[in-house]
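S.K.: Structure in C-alpha coordinates, see below.
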Amino acid sequence: SGTYLKDVKNPATPSVSAFSAGTYTNGYSRETKSYQKYSYVVSDDGGPNSFQIFDMSNLPAGVNKVYDSQSLFKRGHTLWVDGNKLYVAGITYSNNTTSSMNVYSLATPTAPVLLRKLNQDANFINYVHDMFVRNDTVYASCGNQGLYVFKFNSGTNTFSQLGSLTTYSGSGYNHSSCITPNGQTLVFTDEVPAGLPFKTANVTNLSNIQVLATANQFPQTTPHNVFVVNNQYVFFSSYQDGTQLYDISNPSNPVLAGFFDTFPAGGGNNNNWAGDNYDGQWGMYPYFPSKNIFALDQKNGAFMLKTSLFQNPVSPGSPTVSYISQGTVCAGSVVIFTNTSQGATSYSWSFPGGTPNTSSVTNPTVSYALPGTYNILLSASNGSSSASSGGNIIVKEVQSSITYTNASCSTCTNGAAAATASGGVSPYTYTWLPTGGNTASANGLSPGCYTVNITDAIGCAASKTVCIGSATGLNTFNPFLNTLLYPNPAEETVIIELQGEVFNYTLYNSLSQIVAGGNKNYNACTVNISKLLKGIYVVEIETFQGKTQKKLIIR
(Lines give C-alpha, C1' and ligand atoms only; values in the text may rest on other atoms or scores of the structure.)
Protein backbone atom coordinates (compact mmCIF):
# COMPACT_ATOMS: atom_id res chain seq x y z
CA SER A 1 0.00 0.00 0.00
CA GLY A 2 2.96 2.34 0.37
CA THR A 3 6.44 2.86 1.75
CA TYR A 4 7.40 2.21 5.37
CA LEU A 5 10.57 3.51 6.99
CA LYS A 6 11.67 1.54 10.03
CA ASP A 7 14.03 2.50 12.85
CA VAL A 8 16.41 -0.44 13.40
CA LYS A 9 18.84 1.09 15.89
CA ASN A 10 17.56 -1.52 18.33
CA PRO A 11 17.31 -4.51 16.00
CA ALA A 12 15.38 -6.61 18.52
CA THR A 13 12.53 -4.09 18.56
CA PRO A 14 12.40 -2.24 15.22
CA SER A 15 9.71 0.41 14.96
CA VAL A 16 7.94 2.30 12.18
CA SER A 17 9.17 5.87 11.90
CA ALA A 18 7.15 6.90 8.86
CA PHE A 19 4.69 5.71 6.26
CA SER A 20 3.69 7.26 2.96
CA ALA A 21 0.95 5.82 0.78
CA GLY A 22 1.58 5.02 -2.84
CA THR A 23 -0.47 6.56 -5.62
CA TYR A 24 -1.83 3.04 -6.08
CA THR A 25 -2.46 1.44 -2.68
CA ASN A 26 -3.69 -2.02 -3.65
CA GLY A 27 -0.48 -3.46 -5.10
CA TYR A 28 1.66 -6.49 -4.35
CA SER A 29 5.23 -5.15 -4.64
CA ARG A 30 7.26 -1.99 -4.28
CA GLU A 31 10.99 -1.34 -4.39
CA THR A 32 13.24 1.40 -3.08
CA LYS A 33 16.88 2.48 -3.37
CA SER A 34 18.59 5.43 -1.72
CA TYR A 35 21.02 8.14 -2.84
CA GLN A 36 22.41 10.71 -0.41
CA LYS A 37 19.41 11.65 1.78
CA TYR A 38 16.79 10.61 -0.76
CA SER A 39 14.78 7.42 -1.23
CA TYR A 40 13.52 6.49 -4.72
CA VAL A 41 10.43 4.28 -4.89
CA VAL A 42 8.90 2.42 -7.86
CA SER A 43 6.02 -0.02 -8.20
CA ASP A 44 5.05 -2.24 -11.12
CA ASP A 45 1.41 -2.64 -10.15
CA GLY A 46 -1.43 -1.64 -12.44
CA GLY A 47 -3.73 1.22 -11.63
CA PRO A 48 -2.89 4.91 -11.15
CA ASN A 49 0.74 4.36 -10.19
CA SER A 50 3.63 6.85 -10.04
CA PHE A 51 7.35 7.37 -9.32
CA GLN A 52 8.04 8.80 -5.86
CA ILE A 53 11.03 10.44 -4.15
CA PHE A 54 11.31 11.04 -0.38
CA ASP A 55 13.64 13.33 1.60
CA MET A 56 14.78 11.27 4.61
CA SER A 57 16.76 14.00 6.38
CA ASN A 58 14.15 14.39 9.14
CA LEU A 59 14.18 10.76 10.19
CA PRO A 60 13.28 9.29 12.57
CA ALA A 61 10.67 12.05 13.00
CA GLY A 62 9.31 11.50 9.49
CA VAL A 63 9.93 11.94 5.77
CA ASN A 64 8.97 14.54 3.19
CA LYS A 65 7.68 13.51 -0.21
CA VAL A 66 9.46 15.75 -2.75
CA TYR A 67 8.35 14.08 -5.99
CA ASP A 68 5.26 12.10 -6.98
CA SER A 69 4.57 12.08 -10.71
CA GLN A 70 4.05 10.07 -13.89
CA SER A 71 6.02 12.55 -16.01
CA LEU A 72 9.15 10.34 -16.17
CA PHE A 73 7.19 7.08 -16.01
CA LYS A 74 4.29 5.67 -14.03
CA ARG A 75 5.52 2.13 -13.40
CA GLY A 76 8.90 0.48 -12.91
CA HIS A 77 9.67 -3.06 -11.84
CA THR A 78 12.99 -2.39 -10.16
CA LEU A 79 15.70 0.23 -9.78
CA TRP A 80 19.39 0.56 -8.95
CA VAL A 81 21.64 3.46 -7.94
CA ASP A 82 25.21 3.41 -9.24
CA GLY A 83 27.22 6.54 -8.44
CA ASN A 84 25.02 9.50 -9.36
CA LYS A 85 22.91 7.53 -11.83
CA LEU A 86 19.54 5.86 -11.36
CA TYR A 87 18.77 2.77 -13.44
CA VAL A 88 15.11 1.75 -13.72
CA ALA A 89 13.96 -1.49 -15.38
CA GLY A 90 10.62 -2.68 -16.70
CA ILE A 91 9.25 0.81 -17.36
CA THR A 92 5.68 1.70 -18.32
CA TYR A 93 4.95 5.31 -19.30
CA SER A 94 1.78 7.27 -18.62
CA ASN A 95 0.58 6.50 -22.17
CA ASN A 96 1.14 2.74 -21.51
CA THR A 97 4.13 2.42 -23.87
CA THR A 98 7.15 0.66 -22.37
CA SER A 99 10.94 0.67 -22.15
CA SER A 100 13.17 -2.23 -21.15
CA MET A 101 15.55 -0.13 -19.00
CA ASN A 102 16.41 3.58 -18.65
CA VAL A 103 19.24 5.45 -16.94
CA TYR A 104 18.72 8.85 -15.30
CA SER A 105 21.13 11.46 -13.96
CA LEU A 106 20.84 12.30 -10.24
CA ALA A 107 22.91 15.47 -10.52
CA THR A 108 19.81 17.11 -9.06
CA PRO A 109 18.54 14.32 -6.80
CA THR A 110 14.95 15.57 -6.66
CA ALA A 111 14.68 15.94 -10.45
CA PRO A 112 16.17 12.93 -12.30
CA VAL A 113 16.99 13.56 -15.97
CA LEU A 114 16.78 10.84 -18.62
CA LEU A 115 20.20 10.03 -20.10
CA ARG A 116 19.41 7.00 -22.29
CA LYS A 117 16.96 4.20 -22.97
CA LEU A 118 18.48 0.75 -23.45
CA ASN A 119 16.23 0.06 -26.44
CA GLN A 120 17.89 2.95 -28.29
CA ASP A 121 21.05 0.81 -28.50
CA ALA A 122 19.76 -2.74 -27.90
CA ASN A 123 16.22 -2.90 -29.23
CA PHE A 124 16.39 -6.72 -29.33
CA ILE A 125 15.96 -6.72 -25.52
CA ASN A 126 12.23 -6.91 -24.87
CA TYR A 127 12.29 -6.48 -21.11
CA VAL A 128 14.74 -6.14 -18.22
CA HIS A 129 13.32 -7.68 -15.06
CA ASP A 130 16.17 -6.76 -12.72
CA MET A 131 19.77 -5.61 -12.87
CA PHE A 132 22.96 -5.28 -10.84
CA VAL A 133 25.13 -2.28 -11.77
CA ARG A 134 28.73 -1.54 -10.77
CA ASN A 135 30.78 1.27 -12.33
CA ASP A 136 28.22 1.55 -15.18
CA THR A 137 28.54 -2.16 -16.04
CA VAL A 138 25.01 -3.53 -16.05
CA TYR A 139 24.26 -7.22 -15.43
CA ALA A 140 20.73 -7.30 -16.81
CA SER A 141 18.35 -10.18 -16.05
CA CYS A 142 16.15 -10.22 -19.13
CA GLY A 143 13.64 -12.90 -18.20
CA ASN A 144 13.25 -15.60 -20.84
CA GLN A 145 15.90 -13.92 -23.02
CA GLY A 146 18.61 -14.73 -20.45
CA LEU A 147 21.43 -12.66 -18.92
CA TYR A 148 23.04 -9.75 -20.80
CA VAL A 149 25.90 -7.46 -19.79
CA PHE A 150 25.96 -3.86 -21.01
CA LYS A 151 28.27 -0.91 -20.46
CA PHE A 152 26.81 2.58 -20.10
CA ASN A 153 29.31 4.92 -21.71
CA SER A 154 29.07 8.20 -19.79
CA GLY A 155 30.99 10.18 -22.40
CA THR A 156 28.49 9.45 -25.17
CA ASN A 157 25.46 8.44 -23.08
CA THR A 158 25.10 5.16 -24.98
CA PHE A 159 24.96 1.46 -24.13
CA SER A 160 27.26 -1.18 -25.62
CA GLN A 161 26.99 -4.92 -25.13
CA LEU A 162 29.87 -6.69 -23.33
CA GLY A 163 28.53 -10.23 -23.12
CA SER A 164 25.57 -12.55 -22.67
CA LEU A 165 24.56 -15.91 -21.28
CA THR A 166 21.41 -17.37 -22.84
CA THR A 167 21.94 -21.14 -22.66
CA TYR A 168 22.93 -22.85 -19.40
CA SER A 169 21.93 -25.69 -17.08
CA GLY A 170 18.77 -24.98 -15.11
CA SER A 171 17.83 -21.99 -17.25
CA GLY A 172 14.41 -20.39 -17.02
CA TYR A 173 13.20 -16.87 -16.37
CA ASN A 174 16.49 -15.09 -15.56
CA HIS A 175 15.51 -13.05 -12.51
CA SER A 176 18.33 -11.35 -10.57
CA SER A 177 22.08 -11.34 -10.02
CA CYS A 178 24.89 -9.99 -7.83
CA ILE A 179 28.68 -9.99 -8.21
CA THR A 180 31.48 -10.61 -5.70
CA PRO A 181 33.62 -7.64 -4.61
CA ASN A 182 36.62 -9.07 -6.49
CA GLY A 183 34.57 -8.97 -9.70
CA GLN A 184 35.24 -12.62 -10.52
CA THR A 185 31.99 -14.44 -9.67
CA LEU A 186 28.41 -13.61 -10.60
CA VAL A 187 25.62 -15.34 -8.68
CA PHE A 188 22.20 -15.35 -10.35
CA THR A 189 18.75 -16.90 -10.10
CA ASP A 190 15.97 -18.10 -12.40
CA GLU A 191 12.48 -17.61 -10.99
CA VAL A 192 10.17 -19.50 -13.36
CA PRO A 193 9.42 -22.36 -13.31
CA ALA A 194 9.63 -22.89 -9.56
CA GLY A 195 12.41 -25.09 -8.18
CA LEU A 196 15.31 -23.96 -10.40
CA PRO A 197 18.70 -23.78 -8.62
CA PHE A 198 20.86 -20.68 -8.36
CA LYS A 199 24.02 -20.47 -10.46
CA THR A 200 27.58 -19.25 -9.99
CA ALA A 201 29.46 -18.02 -13.05
CA ASN A 202 32.99 -16.87 -13.86
CA VAL A 203 32.71 -13.36 -15.32
CA THR A 204 36.39 -12.47 -15.63
CA ASN A 205 35.93 -12.71 -19.40
CA LEU A 206 32.53 -11.21 -20.23
CA SER A 207 32.74 -12.39 -23.81
CA ASN A 208 32.84 -15.98 -22.52
CA ILE A 209 30.80 -16.23 -19.30
CA GLN A 210 31.13 -19.72 -17.82
CA VAL A 211 28.63 -21.27 -15.36
CA LEU A 212 30.62 -22.97 -12.61
CA ALA A 213 27.94 -24.62 -10.47
CA THR A 214 24.25 -24.91 -9.67
CA ALA A 215 22.91 -25.47 -6.15
CA ASN A 216 19.74 -25.54 -4.08
CA GLN A 217 18.86 -26.35 -0.47
CA PHE A 218 15.97 -28.55 -1.60
CA PRO A 219 15.04 -29.62 -5.15
CA GLN A 220 11.85 -27.53 -4.91
CA THR A 221 13.48 -24.39 -3.42
CA THR A 222 13.09 -21.27 -5.58
CA PRO A 223 15.86 -18.72 -4.92
CA HIS A 224 14.36 -15.30 -5.70
CA ASN A 225 16.73 -12.42 -4.93
CA VAL A 226 20.49 -12.70 -4.41
CA PHE A 227 22.70 -10.59 -2.13
CA VAL A 228 26.48 -11.10 -2.24
CA VAL A 229 28.09 -9.62 0.90
CA ASN A 230 31.76 -10.55 0.36
CA ASN A 231 33.92 -12.96 -1.63
CA GLN A 232 32.85 -15.83 0.64
CA TYR A 233 29.15 -15.41 1.43
CA VAL A 234 25.93 -14.82 -0.47
CA PHE A 235 22.41 -14.54 0.95
CA PHE A 236 19.24 -15.58 -0.88
CA SER A 237 15.60 -14.70 -0.38
CA SER A 238 14.05 -18.03 -1.31
CA TYR A 239 10.28 -17.76 -0.97
CA GLN A 240 8.95 -20.75 1.05
CA ASP A 241 12.45 -21.58 2.34
CA GLY A 242 13.16 -18.09 3.71
CA THR A 243 16.74 -16.87 4.15
CA GLN A 244 19.65 -18.98 2.94
CA LEU A 245 23.38 -18.34 3.35
CA TYR A 246 25.83 -20.03 1.00
CA ASP A 247 29.61 -20.18 1.16
CA ILE A 248 30.96 -19.50 -2.35
CA SER A 249 34.64 -19.21 -1.43
CA ASN A 250 34.97 -22.06 -3.91
CA PRO A 251 32.47 -20.87 -6.53
CA SER A 252 32.58 -24.26 -8.26
CA ASN A 253 31.23 -25.89 -5.09
CA PRO A 254 28.73 -23.67 -3.22
CA VAL A 255 28.01 -24.98 0.29
CA LEU A 256 24.93 -24.23 2.39
CA ALA A 257 26.32 -22.50 5.48
CA GLY A 258 23.07 -21.56 7.24
CA PHE A 259 19.40 -20.78 6.84
CA PHE A 260 16.44 -19.20 8.64
CA ASP A 261 12.96 -20.23 7.57
CA THR A 262 10.64 -17.20 7.70
CA PHE A 263 7.78 -19.27 6.21
CA PRO A 264 7.44 -22.44 8.34
CA ALA A 265 3.99 -23.24 6.90
CA GLY A 266 5.56 -24.68 3.74
CA GLY A 267 8.77 -25.55 1.97
CA GLY A 268 11.54 -28.00 2.71
CA ASN A 269 11.22 -27.87 6.50
CA ASN A 270 8.09 -30.02 6.33
CA ASN A 271 8.22 -31.09 2.67
CA ASN A 272 4.97 -29.25 2.06
CA TRP A 273 4.98 -27.51 -1.30
CA ALA A 274 1.24 -27.01 -1.62
CA GLY A 275 -0.17 -23.57 -2.39
CA ASP A 276 1.68 -20.70 -4.02
CA ASN A 277 5.32 -21.46 -4.87
CA TYR A 278 6.03 -17.74 -4.45
CA ASP A 279 4.75 -17.34 -0.90
CA GLY A 280 7.35 -16.56 1.74
CA GLN A 281 10.41 -14.36 1.64
CA TRP A 282 10.80 -11.95 -1.28
CA GLY A 283 13.76 -9.76 -0.34
CA MET A 284 16.26 -8.66 2.29
CA TYR A 285 18.95 -6.11 3.11
CA PRO A 286 22.21 -7.52 4.58
CA TYR A 287 24.36 -4.40 4.07
CA PHE A 288 24.07 -2.59 7.44
CA PRO A 289 27.38 -1.73 9.13
CA SER A 290 26.15 -3.94 11.99
CA LYS A 291 25.86 -6.85 9.53
CA ASN A 292 22.35 -7.46 10.82
CA ILE A 293 19.97 -8.72 8.15
CA PHE A 294 16.57 -7.18 7.42
CA ALA A 295 14.28 -9.67 5.66
CA LEU A 296 10.71 -9.34 4.38
CA ASP A 297 8.30 -12.25 4.18
CA GLN A 298 5.22 -11.81 1.99
CA LYS A 299 2.97 -13.50 4.57
CA ASN A 300 4.77 -13.16 7.91
CA GLY A 301 6.18 -9.62 7.87
CA ALA A 302 9.59 -8.20 8.76
CA PHE A 303 12.46 -10.09 10.39
CA MET A 304 15.77 -8.88 11.85
CA LEU A 305 18.36 -11.67 11.74
CA LYS A 306 22.04 -12.17 12.39
CA THR A 307 24.59 -14.92 11.87
CA SER A 308 28.03 -15.25 13.43
CA LEU A 309 29.35 -16.58 10.12
CA PHE A 310 28.85 -13.13 8.57
CA GLN A 311 29.38 -10.97 11.68
CA ASN A 312 32.51 -12.83 12.82
CA PRO A 313 34.22 -14.12 9.70
CA VAL A 314 36.85 -16.82 9.94
CA SER A 315 40.19 -15.32 10.93
CA PRO A 316 43.28 -15.75 8.73
CA GLY A 317 44.85 -19.12 9.24
CA SER A 318 41.57 -20.88 9.97
CA PRO A 319 40.63 -23.86 7.83
CA THR A 320 38.40 -23.44 4.81
CA VAL A 321 35.71 -26.09 5.12
CA SER A 322 33.92 -27.65 2.13
CA TYR A 323 32.98 -31.04 0.76
CA ILE A 324 31.33 -32.67 -2.24
CA SER A 325 28.60 -35.30 -2.16
CA GLN A 326 25.63 -36.41 -4.19
CA GLY A 327 22.70 -34.10 -3.49
CA THR A 328 20.06 -36.82 -3.83
CA VAL A 329 20.62 -40.54 -3.25
CA CYS A 330 18.65 -43.76 -2.90
CA ALA A 331 17.74 -45.26 0.46
CA GLY A 332 20.19 -48.02 1.35
CA SER A 333 22.89 -46.87 -1.05
CA VAL A 334 26.37 -45.82 0.03
CA VAL A 335 27.16 -42.10 -0.08
CA ILE A 336 30.80 -41.07 -0.55
CA PHE A 337 31.73 -37.65 0.89
CA THR A 338 34.78 -36.05 -0.72
CA ASN A 339 36.46 -33.62 1.65
CA THR A 340 37.70 -30.49 -0.19
CA SER A 341 38.65 -28.52 2.96
CA GLN A 342 41.98 -26.72 3.09
CA GLY A 343 44.32 -25.90 5.98
CA ALA A 344 43.00 -28.60 8.35
CA THR A 345 44.66 -31.56 10.05
CA SER A 346 41.64 -33.25 11.64
CA TYR A 347 37.96 -33.61 10.86
CA SER A 348 34.73 -34.35 12.68
CA TRP A 349 31.64 -35.33 10.67
CA SER A 350 28.06 -35.57 11.90
CA PHE A 351 25.42 -37.53 9.95
CA PRO A 352 22.18 -37.62 12.01
CA GLY A 353 20.04 -40.47 10.71
CA GLY A 354 22.94 -42.07 8.82
CA THR A 355 25.13 -45.11 9.40
CA PRO A 356 27.57 -44.27 10.86
CA ASN A 357 26.18 -41.08 12.40
CA THR A 358 29.65 -39.65 13.16
CA SER A 359 33.09 -40.04 11.61
CA SER A 360 36.60 -38.64 11.93
CA VAL A 361 38.02 -39.96 8.66
CA THR A 362 38.81 -37.54 5.85
CA ASN A 363 36.45 -38.99 3.23
CA PRO A 364 33.75 -41.05 4.97
CA THR A 365 31.09 -43.30 3.45
CA VAL A 366 27.58 -43.26 4.90
CA SER A 367 24.29 -45.01 4.18
CA TYR A 368 20.72 -43.96 4.93
CA ALA A 369 18.05 -46.62 5.40
CA LEU A 370 14.96 -44.43 5.20
CA PRO A 371 13.88 -41.63 2.86
CA GLY A 372 13.99 -38.03 4.05
CA THR A 373 16.18 -34.93 4.18
CA TYR A 374 19.19 -35.28 6.49
CA ASN A 375 21.56 -32.63 7.84
CA ILE A 376 25.33 -32.90 7.46
CA LEU A 377 27.96 -31.04 9.50
CA LEU A 378 31.71 -31.04 8.88
CA SER A 379 34.07 -29.45 11.44
CA ALA A 380 37.73 -29.02 10.53
CA SER A 381 40.64 -28.07 12.79
CA ASN A 382 44.31 -27.35 12.35
CA GLY A 383 45.20 -27.42 16.05
CA SER A 384 45.00 -23.66 16.60
CA SER A 385 41.65 -22.83 15.01
CA SER A 386 38.61 -24.57 13.62
CA ALA A 387 35.67 -23.95 11.32
CA SER A 388 32.46 -25.73 10.36
CA SER A 389 30.19 -26.04 7.38
CA GLY A 390 26.78 -27.66 7.08
CA GLY A 391 24.53 -28.95 4.36
CA ASN A 392 22.00 -31.66 3.70
CA ILE A 393 21.36 -34.70 1.59
CA ILE A 394 18.03 -35.93 0.24
CA VAL A 395 17.32 -39.65 0.38
CA LYS A 396 14.67 -41.08 -1.95
CA GLU A 397 12.88 -44.42 -1.93
CA VAL A 398 10.62 -45.54 -4.74
CA GLN A 399 7.16 -46.56 -3.57
CA SER A 400 4.64 -48.29 -5.80
CA SER A 401 1.12 -49.65 -5.87
CA ILE A 402 -0.59 -51.91 -8.40
CA THR A 403 -4.12 -52.25 -9.67
CA TYR A 404 -5.07 -55.20 -11.85
CA THR A 405 -7.88 -56.76 -13.86
CA ASN A 406 -8.26 -60.52 -13.87
CA ALA A 407 -8.48 -62.46 -17.09
CA SER A 408 -12.01 -63.51 -18.01
CA CYS A 409 -11.13 -67.22 -18.08
CA SER A 410 -8.25 -69.55 -17.18
CA THR A 411 -6.90 -69.58 -20.75
CA CYS A 412 -7.78 -66.00 -21.70
CA THR A 413 -5.14 -63.32 -22.32
CA ASN A 414 -7.16 -60.23 -21.47
CA GLY A 415 -5.83 -59.59 -17.95
CA ALA A 416 -4.12 -56.27 -17.16
CA ALA A 417 -2.05 -54.59 -14.47
CA ALA A 418 -0.95 -50.99 -13.86
CA ALA A 419 1.80 -49.71 -11.56
CA THR A 420 1.85 -46.26 -9.93
CA ALA A 421 5.26 -45.05 -8.72
CA SER A 422 5.99 -42.31 -6.18
CA GLY A 423 8.67 -41.22 -3.74
CA GLY A 424 11.51 -41.19 -6.25
CA VAL A 425 12.79 -38.75 -8.86
CA SER A 426 10.76 -38.84 -12.07
CA PRO A 427 10.75 -40.01 -14.81
CA TYR A 428 10.32 -43.68 -13.93
CA THR A 429 11.08 -46.70 -16.12
CA TYR A 430 9.16 -49.99 -15.90
CA THR A 431 10.00 -53.58 -16.80
CA TRP A 432 7.42 -56.36 -16.42
CA LEU A 433 8.54 -59.98 -16.04
CA PRO A 434 8.16 -62.62 -17.35
CA THR A 435 6.15 -60.59 -19.85
CA GLY A 436 4.19 -57.34 -20.00
CA GLY A 437 6.43 -54.77 -21.68
CA ASN A 438 8.17 -51.59 -20.53
CA THR A 439 5.44 -49.13 -19.62
CA ALA A 440 3.51 -48.50 -16.42
CA SER A 441 0.65 -50.64 -17.74
CA ALA A 442 0.84 -54.26 -18.84
CA ASN A 443 -1.97 -55.62 -21.02
CA GLY A 444 -2.81 -58.93 -22.67
CA LEU A 445 -1.91 -60.95 -19.55
CA SER A 446 -2.98 -64.55 -18.93
CA PRO A 447 -3.56 -65.85 -15.38
CA GLY A 448 -0.31 -65.98 -13.42
CA CYS A 449 2.06 -63.86 -11.35
CA TYR A 450 3.96 -60.87 -12.79
CA THR A 451 6.71 -58.68 -11.35
CA VAL A 452 7.30 -55.07 -12.32
CA ASN A 453 10.75 -53.58 -11.71
CA ILE A 454 10.61 -49.78 -11.34
CA THR A 455 13.65 -47.51 -11.57
CA ASP A 456 13.63 -43.73 -11.12
CA ALA A 457 15.85 -41.08 -12.72
CA ILE A 458 18.70 -41.48 -10.19
CA GLY A 459 18.66 -45.29 -10.12
CA CYS A 460 16.44 -45.94 -7.08
CA ALA A 461 14.56 -49.18 -7.64
CA ALA A 462 11.53 -51.07 -6.37
CA SER A 463 9.74 -54.27 -7.34
CA LYS A 464 6.12 -55.32 -7.02
CA THR A 465 4.49 -58.63 -7.80
CA VAL A 466 0.83 -59.08 -8.75
CA CYS A 467 -1.05 -62.28 -9.50
CA ILE A 468 -3.69 -62.25 -12.23
CA GLY A 469 -6.59 -64.66 -11.69
CA SER A 470 -9.46 -65.64 -13.87
CA ALA A 471 -12.28 -63.85 -12.03
CA THR A 472 -13.78 -60.82 -13.75
CA GLY A 473 -13.40 -57.38 -12.27
CA LEU A 474 -11.00 -54.60 -11.23
CA ASN A 475 -9.14 -55.45 -8.04
CA THR A 476 -7.22 -53.25 -5.65
CA PHE A 477 -5.62 -54.09 -2.34
CA ASN A 478 -8.02 -54.66 0.53
CA PRO A 479 -6.34 -54.10 3.95
CA PHE A 480 -5.70 -57.49 5.54
CA LEU A 481 -8.32 -58.25 8.13
CA ASN A 482 -5.93 -60.48 10.09
CA THR A 483 -3.24 -57.82 10.59
CA LEU A 484 -2.53 -57.55 14.33
CA LEU A 485 -0.92 -54.67 16.25
CA TYR A 486 -0.50 -55.29 19.99
CA PRO A 487 -0.37 -54.19 22.73
CA ASN A 488 -2.21 -51.01 21.81
CA PRO A 489 -1.82 -48.67 23.67
CA ALA A 490 1.86 -49.58 24.12
CA GLU A 491 4.80 -48.32 26.17
CA GLU A 492 8.08 -50.13 25.47
CA THR A 493 7.49 -52.42 22.48
CA VAL A 494 4.75 -53.21 20.00
CA ILE A 495 4.28 -56.36 17.90
CA ILE A 496 3.18 -56.25 14.26
CA GLU A 497 1.80 -59.60 13.11
CA LEU A 498 0.73 -60.68 9.63
CA GLN A 499 0.85 -64.47 9.52
CA GLY A 500 2.09 -66.07 6.34
CA GLU A 501 3.21 -62.80 4.76
CA VAL A 502 6.46 -60.94 4.08
CA PHE A 503 5.89 -57.30 4.94
CA ASN A 504 7.55 -53.91 5.44
CA TYR A 505 6.42 -51.43 8.06
CA THR A 506 6.83 -47.65 8.52
CA LEU A 507 5.95 -45.75 11.71
CA TYR A 508 4.81 -42.11 11.33
CA ASN A 509 4.33 -39.49 14.06
CA SER A 510 1.50 -36.94 14.13
CA LEU A 511 3.51 -34.64 11.81
CA SER A 512 3.71 -37.43 9.19
CA GLN A 513 7.45 -37.77 9.86
CA ILE A 514 9.02 -41.23 9.66
CA VAL A 515 10.31 -42.29 13.10
CA ALA A 516 10.89 -46.02 12.56
CA GLY A 517 10.70 -48.69 9.88
CA GLY A 518 11.72 -52.16 8.86
CA ASN A 519 11.76 -54.27 5.70
CA LYS A 520 11.29 -57.94 4.81
CA ASN A 521 9.69 -59.10 8.05
CA TYR A 522 7.98 -62.52 8.02
CA ASN A 523 4.92 -63.42 10.12
CA ALA A 524 5.67 -60.92 12.93
CA CYS A 525 8.19 -58.43 14.27
CA THR A 526 8.75 -56.53 17.52
CA VAL A 527 9.36 -52.76 17.38
CA ASN A 528 11.15 -50.88 20.19
CA ILE A 529 9.21 -47.65 20.88
CA SER A 530 10.74 -46.80 24.28
CA LYS A 531 12.47 -43.65 22.99
CA LEU A 532 9.44 -42.20 21.19
CA LEU A 533 7.28 -39.44 22.66
CA LYS A 534 3.82 -40.19 23.93
CA GLY A 535 1.08 -39.64 21.38
CA ILE A 536 -0.80 -41.04 18.42
CA TYR A 537 1.17 -42.69 15.61
CA VAL A 538 0.30 -44.41 12.34
CA VAL A 539 1.78 -47.78 11.38
CA GLU A 540 1.80 -48.41 7.63
CA ILE A 541 2.14 -52.08 6.67
CA GLU A 542 3.00 -53.08 3.10
CA THR A 543 3.05 -56.41 1.27
CA PHE A 544 3.46 -57.12 -2.42
CA GLN A 545 -0.30 -56.62 -2.77
CA GLY A 546 -0.42 -53.10 -1.34
CA LYS A 547 -0.63 -51.21 1.97
CA THR A 548 -2.80 -50.83 5.04
CA GLN A 549 -2.55 -48.47 8.02
CA LYS A 550 -3.33 -48.85 11.71
CA LYS A 551 -3.38 -46.35 14.55
CA LEU A 552 -0.97 -46.84 17.47
CA ILE A 553 -1.13 -45.06 20.81
CA ILE A 554 2.13 -44.72 22.77
CA ARG A 555 1.62 -43.88 26.44
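Residues are referred to by chain and number: the chain letter is A, B, ... according to the order shown in the C-alpha coordinates, the number counts from 1 in that chain, and ligands are numbered separately from 1 in the order shown.
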Per residue of segment 173-262 of chain A within 8 Å of segment 383-397 of chain A, what are the shortest atom pair and its distance in Å to one decimal, counting only C-alpha atoms, with rows by chain and residue number, as a tab-separated table?

M.R.:
residue	atom	partner	partner_atom	distance
A:Gln217	CA	A:Asn392	CA	7.4
A:Phe218	CA	A:Ile394	CA	7.9
A:Val255	CA	A:Gly391	CA	6.7
A:Leu256	CA	A:Gly391	CA	5.1
A:Ala257	CA	A:Gly390	CA	5.4
A:Gly258	CA	A:Gly390	CA	7.1

S.K.: With a distance cut-off of 10 Å and only C-alpha atoms, select the neighbouring residues of Thr158 of chain A, excluding the residue or stretch itself and same-chain residues fewer than 3 positions from it, and output the selection as a ChimeraX atom specification.

M.R.: /A:103,115-118,120-122,150-155

S.K.: Quick one: everything within 9 Å of segment 366-379 of chain A, counting only C-alpha atoms, minus sequence neighbours fewer than 6 positions away in the same chain. Send it as number ranges by chain.

M.R.: A: 218, 268-269, 271, 321-323, 329-337, 346-357, 386-397, 423, 513-514, 516-517

S.K.: So the first atom is atom CA of Ala417 of chain A and the second is atom CA of Ala461 of chain A; what is the distance between them in Å, to one decimal place?

M.R.: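 Atom CA of Ala417 of chain A sits 18.8 Å away from atom CA of Ala461 of chain A.
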
S.K.: Please identify which residues in segment 405-512 of chain A DSSP calls strand (DSSP E or B) from the backbone, and express them as a PyMOL selection string.

M.R.: chain A and resi 405+415-422+429-433+441-445+448-455+461-468+474-475+484-486+490+493-508
